[in-house]
file work34.txt (compact mmCIF, C-alpha atoms and all ligand atoms)
# COMPACT_ATOMS: atom_id res chain seq x y z
CA MET A 106 -26.88 -7.03 15.29
CA ILE A 107 -25.34 -3.71 16.35
CA ARG A 108 -22.79 -5.56 18.49
CA LYS A 109 -21.92 -7.72 15.50
CA ILE A 110 -21.34 -4.62 13.33
CA GLN A 111 -19.21 -3.12 16.11
CA LYS A 112 -17.11 -6.30 16.26
CA ILE A 113 -16.64 -6.32 12.50
CA THR A 114 -15.68 -2.62 12.55
CA ILE A 115 -13.12 -3.19 15.31
CA ALA A 116 -11.74 -6.20 13.47
CA LEU A 117 -11.44 -4.23 10.23
CA PHE A 118 -9.80 -1.37 12.10
CA CYS A 119 -7.29 -3.77 13.65
CA ILE A 120 -6.50 -5.31 10.25
CA PHE A 121 -6.04 -1.83 8.80
CA MET A 122 -3.70 -0.83 11.63
CA LEU A 123 -1.71 -4.04 11.18
CA TYR A 124 -1.45 -3.29 7.48
CA LEU A 125 -0.23 0.24 8.21
CA LEU A 126 2.36 -1.14 10.62
CA PHE A 127 3.51 -3.62 7.99
CA VAL A 128 3.89 -0.86 5.37
CA CYS A 129 5.86 1.35 7.77
CA VAL A 130 8.23 -1.43 8.80
CA ASN A 131 8.81 -2.36 5.17
CA ALA A 132 9.52 1.22 4.19
CA ARG A 133 12.00 1.56 7.04
CA VAL A 134 13.77 -1.66 6.09
CA TYR A 135 13.95 -0.53 2.48
CA GLU A 136 15.29 2.85 3.51
CA GLN A 137 17.95 1.27 5.72
CA SER A 138 19.04 -1.08 2.97
CA ALA A 139 19.24 1.82 0.51
CA ILE A 140 21.40 3.75 2.97
CA LEU A 141 23.60 0.70 3.46
CA GLN A 142 23.99 0.26 -0.28
CA THR A 143 24.91 3.90 -0.71
CA CYS A 144 27.52 3.61 2.01
CA GLN A 145 28.96 0.46 0.49
CA GLN A 146 29.07 2.10 -2.90
CA GLN A 147 30.92 5.02 -1.43
CA VAL A 148 33.48 2.72 0.10
CA TYR A 149 34.00 0.68 -3.05
CA GLU A 150 33.83 3.41 -5.63
CA GLY A 151 35.06 6.32 -3.65
CA ASP A 152 38.56 7.60 -3.50
CA ARG A 153 39.09 6.37 0.05
CA SER A 154 40.80 9.62 0.58
CA LEU A 155 42.78 8.43 3.55
CA MET A 156 44.57 5.78 1.59
CA GLU A 157 45.84 8.31 -0.90
CA ASN A 158 48.11 9.52 1.85
CA GLU A 159 51.29 7.57 1.46
CA ASN A 160 51.93 7.89 5.16
CA ILE A 161 48.76 6.11 6.23
CA GLY A 162 48.31 2.45 5.41
CA GLN A 163 44.89 0.83 5.65
CA ALA A 164 45.87 -1.93 8.04
CA GLY A 165 47.43 0.34 10.63
CA LEU A 166 44.58 2.80 10.80
CA PRO A 167 43.20 3.73 14.17
CA ASP A 168 39.47 3.05 14.62
CA TRP A 169 38.34 6.61 14.15
CA GLN A 170 40.04 6.72 10.77
CA LYS A 171 38.53 3.43 9.66
CA GLU A 172 35.19 4.88 10.63
CA ASP A 173 35.88 7.91 8.50
CA ILE A 174 36.48 5.68 5.51
CA LEU A 175 33.22 3.85 6.14
CA GLN A 176 31.41 7.12 6.46
CA GLY A 177 32.55 7.47 2.93
CA SER A 178 32.25 11.02 1.81
CA SER A 179 33.32 10.19 -1.68
CA LEU A 180 30.26 10.10 -3.87
CA ASN A 181 31.60 11.54 -7.07
CA LEU A 182 28.87 14.03 -7.75
CA ARG A 183 29.36 17.08 -9.87
CA GLU A 184 28.22 20.37 -8.52
CA ASP A 185 29.63 22.84 -11.00
CA ALA A 186 30.07 22.49 -14.69
CA THR A 187 31.13 25.85 -15.97
CA GLU A 188 32.51 24.49 -19.25
CA ASN A 189 29.75 22.00 -19.70
CA SER A 190 27.76 23.93 -22.24
CA ASP A 191 29.65 22.69 -25.31
CA ASN A 192 29.28 19.21 -26.73
CA LYS A 193 32.92 18.22 -26.65
CA LYS A 194 33.94 15.09 -24.80
CA VAL A 195 36.83 15.99 -22.53
CA ILE A 196 38.89 14.08 -19.99
CA TYR A 197 40.95 15.84 -17.37
CA LEU A 198 43.54 13.35 -16.14
CA THR A 199 44.93 14.32 -12.74
CA PHE A 200 47.91 12.88 -10.87
CA ASP A 201 48.19 13.49 -7.13
CA ASP A 202 51.06 13.27 -4.67
CA GLY A 203 54.04 13.56 -7.04
CA PRO A 204 56.78 14.13 -7.90
CA SER A 205 57.88 10.53 -7.48
CA LYS A 206 60.17 8.10 -9.23
CA ASN A 207 57.25 7.42 -11.59
CA THR A 208 56.85 11.02 -12.74
CA PRO A 209 59.36 10.79 -15.65
CA GLN A 210 57.58 7.71 -16.99
CA ILE A 211 54.15 9.30 -16.68
CA LEU A 212 55.41 12.39 -18.51
CA ASP A 213 56.97 10.21 -21.23
CA ILE A 214 53.69 8.35 -21.77
CA LEU A 215 51.70 11.59 -21.92
CA LYS A 216 54.21 12.95 -24.45
CA LYS A 217 54.07 9.78 -26.56
CA TYR A 218 50.29 9.97 -26.82
CA ASP A 219 50.26 13.77 -27.10
CA VAL A 220 48.01 14.12 -24.07
CA LYS A 221 47.97 16.86 -21.43
CA ALA A 222 47.20 16.26 -17.76
CA THR A 223 47.21 18.10 -14.44
CA PHE A 224 49.58 17.27 -11.59
CA PHE A 225 48.52 18.13 -8.05
CA VAL A 226 51.98 18.03 -6.57
CA ILE A 227 53.35 18.04 -3.04
CA GLY A 228 56.67 19.37 -1.69
CA ASN A 229 59.91 17.87 -2.98
CA ASN A 230 62.89 20.12 -2.41
CA THR A 231 65.46 17.87 -4.10
CA GLU A 232 67.04 18.61 -7.48
CA PHE A 233 64.94 15.78 -8.91
CA GLY A 234 61.77 17.27 -7.46
CA LYS A 235 62.47 20.72 -8.89
CA GLU A 236 63.37 19.18 -12.24
CA MET A 237 60.02 17.38 -12.29
CA TYR A 238 58.06 20.56 -11.51
CA LYS A 239 59.94 22.15 -14.39
CA ARG A 240 59.21 19.29 -16.79
CA ILE A 241 55.50 19.30 -15.88
CA VAL A 242 55.21 23.00 -16.71
CA SER A 243 57.51 23.07 -19.77
CA GLU A 244 55.69 20.12 -21.36
CA GLY A 245 52.39 21.96 -21.16
CA HIS A 246 50.72 20.21 -18.26
CA GLY A 247 48.74 21.82 -15.48
CA ILE A 248 50.32 22.13 -12.05
CA GLY A 249 48.23 22.43 -8.92
CA ASN A 250 49.03 22.74 -5.23
CA HIS A 251 48.26 19.68 -3.08
CA THR A 252 50.05 21.16 -0.02
CA TYR A 253 53.74 20.87 0.77
CA SER A 254 53.56 18.33 3.59
CA HIS A 255 50.33 16.44 2.74
CA LYS A 256 50.19 15.70 6.47
CA TYR A 257 46.62 15.86 7.72
CA GLU A 258 47.58 16.61 11.28
CA ILE A 259 49.45 19.71 10.11
CA ILE A 260 47.36 21.09 7.27
CA TYR A 261 43.98 20.47 8.85
CA SER A 262 44.94 21.78 12.29
CA SER A 263 44.02 25.35 11.35
CA LYS A 264 43.28 27.56 8.33
CA GLU A 265 46.56 29.36 8.94
CA ALA A 266 48.49 26.07 8.92
CA TYR A 267 46.88 25.02 5.64
CA ILE A 268 47.66 28.36 4.02
CA GLU A 269 51.25 28.35 5.27
CA ASP A 270 51.80 24.84 3.91
CA THR A 271 50.26 25.76 0.56
CA GLU A 272 52.30 28.95 0.25
CA LYS A 273 55.49 27.09 1.13
CA LEU A 274 54.88 24.79 -1.86
CA ASN A 275 53.86 27.65 -4.15
CA LYS A 276 57.17 29.37 -3.35
CA LEU A 277 59.13 26.24 -4.27
CA ILE A 278 57.18 25.77 -7.50
CA LEU A 279 57.56 29.43 -8.43
CA GLU A 280 61.32 29.26 -7.86
CA SER A 281 61.58 26.06 -9.91
CA THR A 282 59.29 26.92 -12.80
CA GLY A 283 58.49 30.63 -12.81
CA VAL A 284 54.83 29.70 -12.45
CA LYS A 285 52.73 30.13 -9.31
CA PRO A 286 49.84 27.68 -9.08
CA ASP A 287 46.38 29.13 -8.53
CA ILE A 288 44.56 25.80 -8.48
CA ILE A 289 44.49 23.40 -5.54
CA ARG A 290 43.25 19.99 -4.52
CA PHE A 291 42.64 19.35 -0.86
CA PRO A 292 44.35 16.16 0.38
CA GLY A 293 41.49 13.69 0.84
CA GLY A 294 39.16 15.89 -1.23
CA SER A 295 36.98 18.79 -0.15
CA ASN A 296 34.66 16.47 1.75
CA ASN A 297 37.26 14.58 3.77
CA HIS A 298 36.23 13.79 7.31
CA VAL A 299 39.76 13.33 8.56
CA CYS A 300 40.00 17.03 9.28
CA TRP A 301 37.15 16.71 11.80
CA LYS A 302 39.61 15.30 14.30
CA TYR A 303 41.89 18.30 13.95
CA GLY A 304 39.86 21.27 12.84
CA GLY A 305 36.23 20.36 13.60
CA ARG A 306 33.22 19.46 11.47
CA ASP A 307 32.81 22.82 9.80
CA PHE A 308 36.51 23.16 9.07
CA MET A 309 36.35 22.45 5.33
CA GLU A 310 33.58 25.00 4.79
CA LYS A 311 35.69 27.71 6.37
CA LEU A 312 38.87 26.59 4.65
CA ILE A 313 37.24 26.48 1.22
CA SER A 314 35.89 30.04 1.64
CA GLU A 315 39.29 31.25 2.77
CA MET A 316 41.16 29.63 -0.13
CA GLN A 317 38.63 30.92 -2.67
CA ALA A 318 38.93 34.41 -1.18
CA LYS A 319 42.68 34.11 -1.69
CA GLY A 320 42.07 33.47 -5.39
CA TYR A 321 42.40 29.69 -5.61
CA ASP A 322 40.08 27.37 -7.50
CA TYR A 323 39.81 23.93 -5.97
CA PHE A 324 39.15 20.67 -7.78
CA ASP A 325 37.72 17.37 -6.60
CA TRP A 326 37.09 14.61 -9.14
CA ASP A 327 34.28 12.79 -10.95
CA VAL A 328 36.03 9.48 -11.50
CA SER A 329 38.46 7.63 -9.26
CA SER A 330 40.96 5.22 -10.76
CA THR A 331 40.73 3.55 -7.32
CA ASP A 332 44.52 3.17 -7.42
CA ALA A 333 44.64 4.35 -3.81
CA SER A 334 42.24 1.71 -2.56
CA ARG A 335 44.99 -0.84 -1.95
CA ALA A 336 48.77 -0.64 -1.69
CA GLU A 337 48.97 -1.75 -5.30
CA LEU A 338 45.94 -2.44 -7.41
CA GLY A 339 46.21 -4.60 -10.55
CA LYS A 340 46.69 -2.79 -13.85
CA GLN A 341 43.45 -4.13 -15.30
CA GLU A 342 41.42 -3.09 -12.25
CA ILE A 343 42.65 0.47 -12.65
CA ILE A 344 41.81 0.50 -16.36
CA ASP A 345 38.34 -0.91 -15.69
CA ALA A 346 37.65 1.56 -12.87
CA VAL A 347 38.47 4.53 -15.08
CA ILE A 348 36.61 3.33 -18.17
CA LYS A 349 33.55 2.31 -16.15
CA GLY A 350 33.70 5.53 -14.12
CA VAL A 351 33.85 7.71 -17.22
CA GLY A 352 30.97 5.77 -18.75
CA ARG A 353 28.96 8.11 -20.91
CA ARG A 354 30.05 11.28 -19.20
CA GLN A 355 30.73 14.16 -21.49
CA LYS A 356 33.40 15.56 -19.22
CA ALA A 357 35.25 13.93 -16.36
CA ILE A 358 38.06 14.69 -13.97
CA VAL A 359 39.91 11.44 -13.33
CA LEU A 360 41.85 10.89 -10.10
CA MET A 361 45.11 8.96 -10.32
CA HIS A 362 48.22 8.89 -8.19
CA ASP A 363 51.83 9.68 -8.95
CA SER A 364 53.46 8.15 -5.91
CA ALA A 365 56.36 5.73 -5.74
CA GLN A 366 54.41 2.54 -5.12
CA LYS A 367 51.77 3.17 -7.79
CA GLU A 368 53.60 1.40 -10.59
CA THR A 369 50.47 -0.28 -11.91
CA THR A 370 48.96 3.17 -12.46
CA VAL A 371 51.83 3.87 -14.86
CA GLU A 372 51.29 0.49 -16.55
CA ALA A 373 47.57 1.18 -16.91
CA LEU A 374 47.98 4.68 -18.33
CA PRO A 375 48.66 3.89 -22.04
CA GLU A 376 45.59 1.67 -22.31
CA ILE A 377 43.41 4.17 -20.48
CA ILE A 378 44.47 6.91 -22.90
CA LYS A 379 43.96 4.69 -25.96
CA LYS A 380 40.50 3.55 -24.86
CA LEU A 381 39.36 7.08 -24.07
CA LYS A 382 40.72 8.40 -27.35
CA ASP A 383 38.89 5.63 -29.20
CA ALA A 384 35.73 6.71 -27.38
CA GLY A 385 36.13 10.20 -28.82
CA TYR A 386 37.57 12.09 -25.84
CA SER A 387 40.18 14.80 -25.99
CA PHE A 388 42.40 15.67 -23.03
CA LYS A 389 42.73 19.05 -21.37
CA ILE A 390 44.39 20.57 -18.34
CA LEU A 391 42.57 22.07 -15.38
CA LYS A 392 42.96 25.76 -14.79
CA LYS A 393 41.16 28.57 -13.04
CA GLY A 394 37.66 28.93 -14.40
CA SER A 395 37.76 25.66 -16.33
CA TYR A 396 35.33 22.80 -15.95
CA THR A 397 35.35 21.83 -12.33
CA SER A 398 34.06 19.19 -9.98
CA HIS A 399 33.11 19.88 -6.39
CA PHE A 400 31.79 17.36 -3.94
CA PRO A 401 28.40 18.49 -2.65
CA GLN A 402 28.41 20.72 0.36
CA TYR A 403 25.98 18.54 2.32
CA MET A 404 28.52 15.76 2.45
CA ARG A 405 31.06 17.90 4.21
CA ASN A 406 29.17 18.31 7.43
CA GLY A 407 28.22 14.74 8.05
CA HIS A 408 24.67 14.66 6.70
CA GLY A 409 25.64 12.79 3.58
CA SER A 410 26.32 9.41 5.00
ZN ZN B 1 47.02 13.27 -2.00
call {"tool": "encode", "arguments": {"input": "work34.txt", "output": "structure tokens"}}
result
Amino acid sequence: MIRKIQKITIALFCIFMLYLLFVCVNARVYEQSAILQTCQQQVYEGDRSLMENENIGQAGLPDWQKEDILQGSSLNLREDATENSDNKKVIYLTFDDGPSKNTPQILDILKKYDVKATFFVIGNNTEFGKEMYKRIVSEGHGIGNHTYSHKYEIIYSSKEAYIEDTEKLNKLILESTGVKPDIIRFPGGSNNHVCWKYGGRDFMEKLISEMQAKGYDYFDWDVSSTDASRAELGKQEIIDAVIKGVGRRQKAIVLMHDSAQKETTVEALPEIIKKLKDAGYSFKILKKGSYTSHFPQYMRNGHGS
């Protein structure tokens, strides 16, 4: 009888252990699939910061860069919301990488719809470039510094190199417009992993502190138009990405690109503005101390993906 009870106890114990094993394996599988989904979401919805660089095409990327894209780093999470206490619905349209041949058209559309936006410009020392800086400022838009060269291997090689590149552009903008930008957007965003190759994993942390100490406010984004995800995305895809991305947000910084090949971004712009106006949004420019969007710190050192 006792032996029978012992056998039953051992059998029950074994069944219990098997059950525990089953639960653990399931939990692990679920966790892995959740991680995979998050990564995929980052790739599809994120900015794909590398591709925003006109000089780097997706197809020709070396493996380490492709890996950086897969590692994502572009969950559009909001960390700060200094202006978020009021109930107003506000969109902050932002255009990166200009001036380009599309800048006059973008400015004309913004004027037509009486909408203000913020341009995170790069260096263009031509008469056209200076004229565009001037138009951006004189028509009431925000102007931010996106580095002169926008070349990762230069700007992310050292803090000093980044600062020198930024100040070179600020000088050109000041000469052209009389205004010296005090807002910046890091090429690839504040959580880009591209800089790891040049400046190390903790590079962005140090750079951000340095730029803030120098008096700059930096801006990431809440919503990507995804116009940098392919060489040229269809107009409707861009519209859908922005409208879906804004969703029910009260405030959102929207990333778009003002570079030569982004013609469908220009085509999409009127409809984006109309739809957002219909949804009750007003449009404002970014400036120091305004509503801001920072990617979370944990994603900058590799723990986020
Ligand atoms: Zn850029």
call {"tool": "residues_around", "arguments": {"input": "work34.txt", "residues": "stretch 376-384 of chain A", "least_positions_apart": "6", "cutoff": "10 Å", "atoms": "all atoms listed in the file", "output": "VMD selection string"}}
result
chain A and resid 194 to 196 198 214 to 215 218 to 220 340 to 341 343 to 348 351 to 353 370
call {"tool": "residues_around", "arguments": {"input": "work34.txt", "residues": "A:His362", "least_positions_apart": "4", "cutoff": "8 Å", "atoms": "only C-alpha atoms", "output": "list in words"}}
result
Glu157, Thr199, Phe200, Asp201, Asp202, Gly203, Asp332, Ala333, Lys367 and Thr370 of chain A
call {"tool": "closest_residue", "arguments": {"input": "work34.txt", "among": "A:His255, A:Lys302, A:Lys311, A:Lys389", "to": "A:Val359", "atoms": "all atoms listed in the file"}}
result
A:Lys389
call {"tool": "atom_distance", "arguments": {"input": "work34.txt", "atom1": "atom CA of A:Asn229", "atom2": "atom CA of A:Glu342"}}
result
29.4 Å
call {"tool": "closest_residue", "arguments": {"input": "work34.txt", "among": "A:Asp327, A:Glu337, A:Glu232, A:Glu372", "to": "A:Arg354", "atoms": "all atoms listed in the file"}}
result
A:Asp327
call {"tool": "atom_distance", "arguments": {"input": "work34.txt", "atom1": "atom CA of A:Ser243", "atom2": "atom CA of A:Ile278"}}
result
12.6 Å
call {"tool": "residues_near_point", "arguments": {"input": "work34.txt", "point": "(49.6, 20.8, -13.9)", "cutoff": "8 Å", "atoms": "only C-alpha atoms", "output": "list of chain:residue names"}}
result
A:Ala222, A:Thr223, A:Phe224, A:Phe225, A:Ile241, A:Val242, A:Gly245, A:His246, A:Gly247, A:Ile248, A:Gly249, A:Ile390, A:Leu391
call {"tool": "write_last_selection", "arguments": {"input": "work34.txt", "atoms": "C-alpha atoms", "output": "PDB file, in the coordinates of the input"}}
result
ATOM      1  CA  ALA A 222      47.200  16.260 -17.760  1.00  0.00           C
ATOM      2  CA  THR A 223      47.210  18.100 -14.440  1.00  0.00           C
ATOM      3  CA  PHE A 224      49.580  17.270 -11.590  1.00  0.00           C
ATOM      4  CA  PHE A 225      48.520  18.130  -8.050  1.00  0.00           C
ATOM      5  CA  ILE A 241      55.500  19.300 -15.880  1.00  0.00           C
ATOM      6  CA  VAL A 242      55.210  23.000 -16.710  1.00  0.00           C
ATOM      7  CA  GLY A 245      52.390  21.960 -21.160  1.00  0.00           C
ATOM      8  CA  HIS A 246      50.720  20.210 -18.260  1.00  0.00           C
ATOM      9  CA  GLY A 247      48.740  21.820 -15.480  1.00  0.00           C
ATOM     10  CA  ILE A 248      50.320  22.130 -12.050  1.00  0.00           C
ATOM     11  CA  GLY A 249      48.230  22.430  -8.920  1.00  0.00           C
ATOM     12  CA  ILE A 390      44.390  20.570 -18.340  1.00  0.00           C
ATOM     13  CA  LEU A 391      42.570  22.070 -15.380  1.00  0.00           C
TER      14      LEU A 391
END
call {"tool": "residues_near_point", "arguments": {"input": "work34.txt", "point": "(51.5, 9.1, -15.1)", "cutoff": "7 Å", "atoms": "only C-alpha atoms", "output": "list of chain:residue names"}}
result
A:Phe200, A:Asn207, A:Thr208, A:Gln210, A:Ile211, A:Leu212, A:Asp363, A:Thr370, A:Val371, A:Leu374
call {"tool": "closest_residue", "arguments": {"input": "work34.txt", "among": "A:Glu368, A:Glu310, A:Glu244, A:Glu258", "to": "A:Asp213", "atoms": "only C-alpha atoms"}}
result
A:Glu244
call {"tool": "closest_residue", "arguments": {"input": "work34.txt", "among": "A:Ile288, A:Val226, A:Met237, A:Ile120", "to": "ligand ZN 1 (chain B)", "atoms": "only C-alpha atoms and all ligand atoms"}}
result
A:Val226
call {"tool": "residues_around", "arguments": {"input": "work34.txt", "residues": "A:Ser262", "least_positions_apart": "4", "cutoff": "10 Å", "atoms": "all atoms listed in the file", "output": "list in words"}}
result
Lys256, Tyr257, Glu258, Ala266, Tyr267, Cys300, Trp301, Lys302, Tyr303, Gly304, Gly305 and Phe308 of chain A
call {"tool": "atom_distance", "arguments": {"input": "work34.txt", "atom1": "atom CA of A:Thr271", "atom2": "atom CA of A:Ile259"}}
result
11.3 Å
call {"tool": "closest_residue", "arguments": {"input": "work34.txt", "among": "A:Tyr238, A:Tyr396, A:Tyr386, A:Tyr261", "to": "A:Thr282", "atoms": "only C-alpha atoms"}}
result
A:Tyr238
call {"tool": "closest_residue", "arguments": {"input": "work34.txt", "among": "A:Gly339, A:Gly394, A:Gly350, A:Gly234", "to": "A:Tyr321", "atoms": "only C-alpha atoms"}}
result
A:Gly394
call {"tool": "decode", "arguments": {"input": "work34.txt", "residues": "stretch 259-277 of chain A", "atoms": "N, CA and C atoms", "output": "compact mmCIF listing (two decimals), in the first residue's frame"}}
result
# COMPACT_ATOMS: atom_id res chain seq x y z
N ILE A 259 31.28 61.54 -40.62
CA ILE A 259 31.92 62.77 -40.13
C ILE A 259 31.31 63.17 -38.78
N ILE A 260 30.00 63.37 -38.79
CA ILE A 260 29.37 63.96 -37.60
C ILE A 260 29.40 63.05 -36.38
N TYR A 261 29.35 61.74 -36.61
CA TYR A 261 29.33 60.83 -35.47
C TYR A 261 30.72 60.25 -35.15
N SER A 262 31.75 60.89 -35.70
CA SER A 262 33.11 60.41 -35.39
C SER A 262 33.59 60.92 -34.05
N SER A 263 33.11 62.12 -33.66
CA SER A 263 33.46 62.66 -32.34
C SER A 263 32.49 63.79 -32.00
N LYS A 264 32.40 64.11 -30.72
CA LYS A 264 31.54 65.24 -30.30
C LYS A 264 32.00 66.51 -30.98
N GLU A 265 33.32 66.69 -31.03
CA GLU A 265 33.88 67.91 -31.60
C GLU A 265 33.49 68.04 -33.08
N ALA A 266 33.53 66.90 -33.79
CA ALA A 266 33.18 66.91 -35.21
C ALA A 266 31.71 67.29 -35.39
N TYR A 267 30.85 66.74 -34.52
CA TYR A 267 29.42 67.05 -34.63
C TYR A 267 29.18 68.55 -34.39
N ILE A 268 29.83 69.06 -33.36
CA ILE A 268 29.66 70.47 -33.01
C ILE A 268 30.19 71.38 -34.13
N GLU A 269 31.33 71.02 -34.67
CA GLU A 269 31.92 71.83 -35.75
C GLU A 269 30.98 71.87 -36.96
N ASP A 270 30.43 70.71 -37.30
CA ASP A 270 29.52 70.62 -38.44
C ASP A 270 28.25 71.44 -38.21
N THR A 271 27.73 71.35 -36.99
CA THR A 271 26.53 72.10 -36.62
C THR A 271 26.79 73.60 -36.66
N GLU A 272 27.93 74.01 -36.12
CA GLU A 272 28.24 75.45 -36.07
C GLU A 272 28.51 76.01 -37.46
N LYS A 273 29.06 75.16 -38.34
CA LYS A 273 29.29 75.60 -39.72
C LYS A 273 27.96 75.95 -40.38
N LEU A 274 26.94 75.10 -40.13
CA LEU A 274 25.61 75.36 -40.71
C LEU A 274 24.96 76.57 -40.03
N ASN A 275 25.10 76.67 -38.73
CA ASN A 275 24.49 77.81 -38.03
C ASN A 275 25.05 79.14 -38.56
N LYS A 276 26.34 79.14 -38.88
CA LYS A 276 26.97 80.35 -39.42
C LYS A 276 26.33 80.72 -40.77
N LEU A 277 26.17 79.71 -41.61
CA LEU A 277 25.57 79.95 -42.93
C LEU A 277 24.13 80.44 -42.80
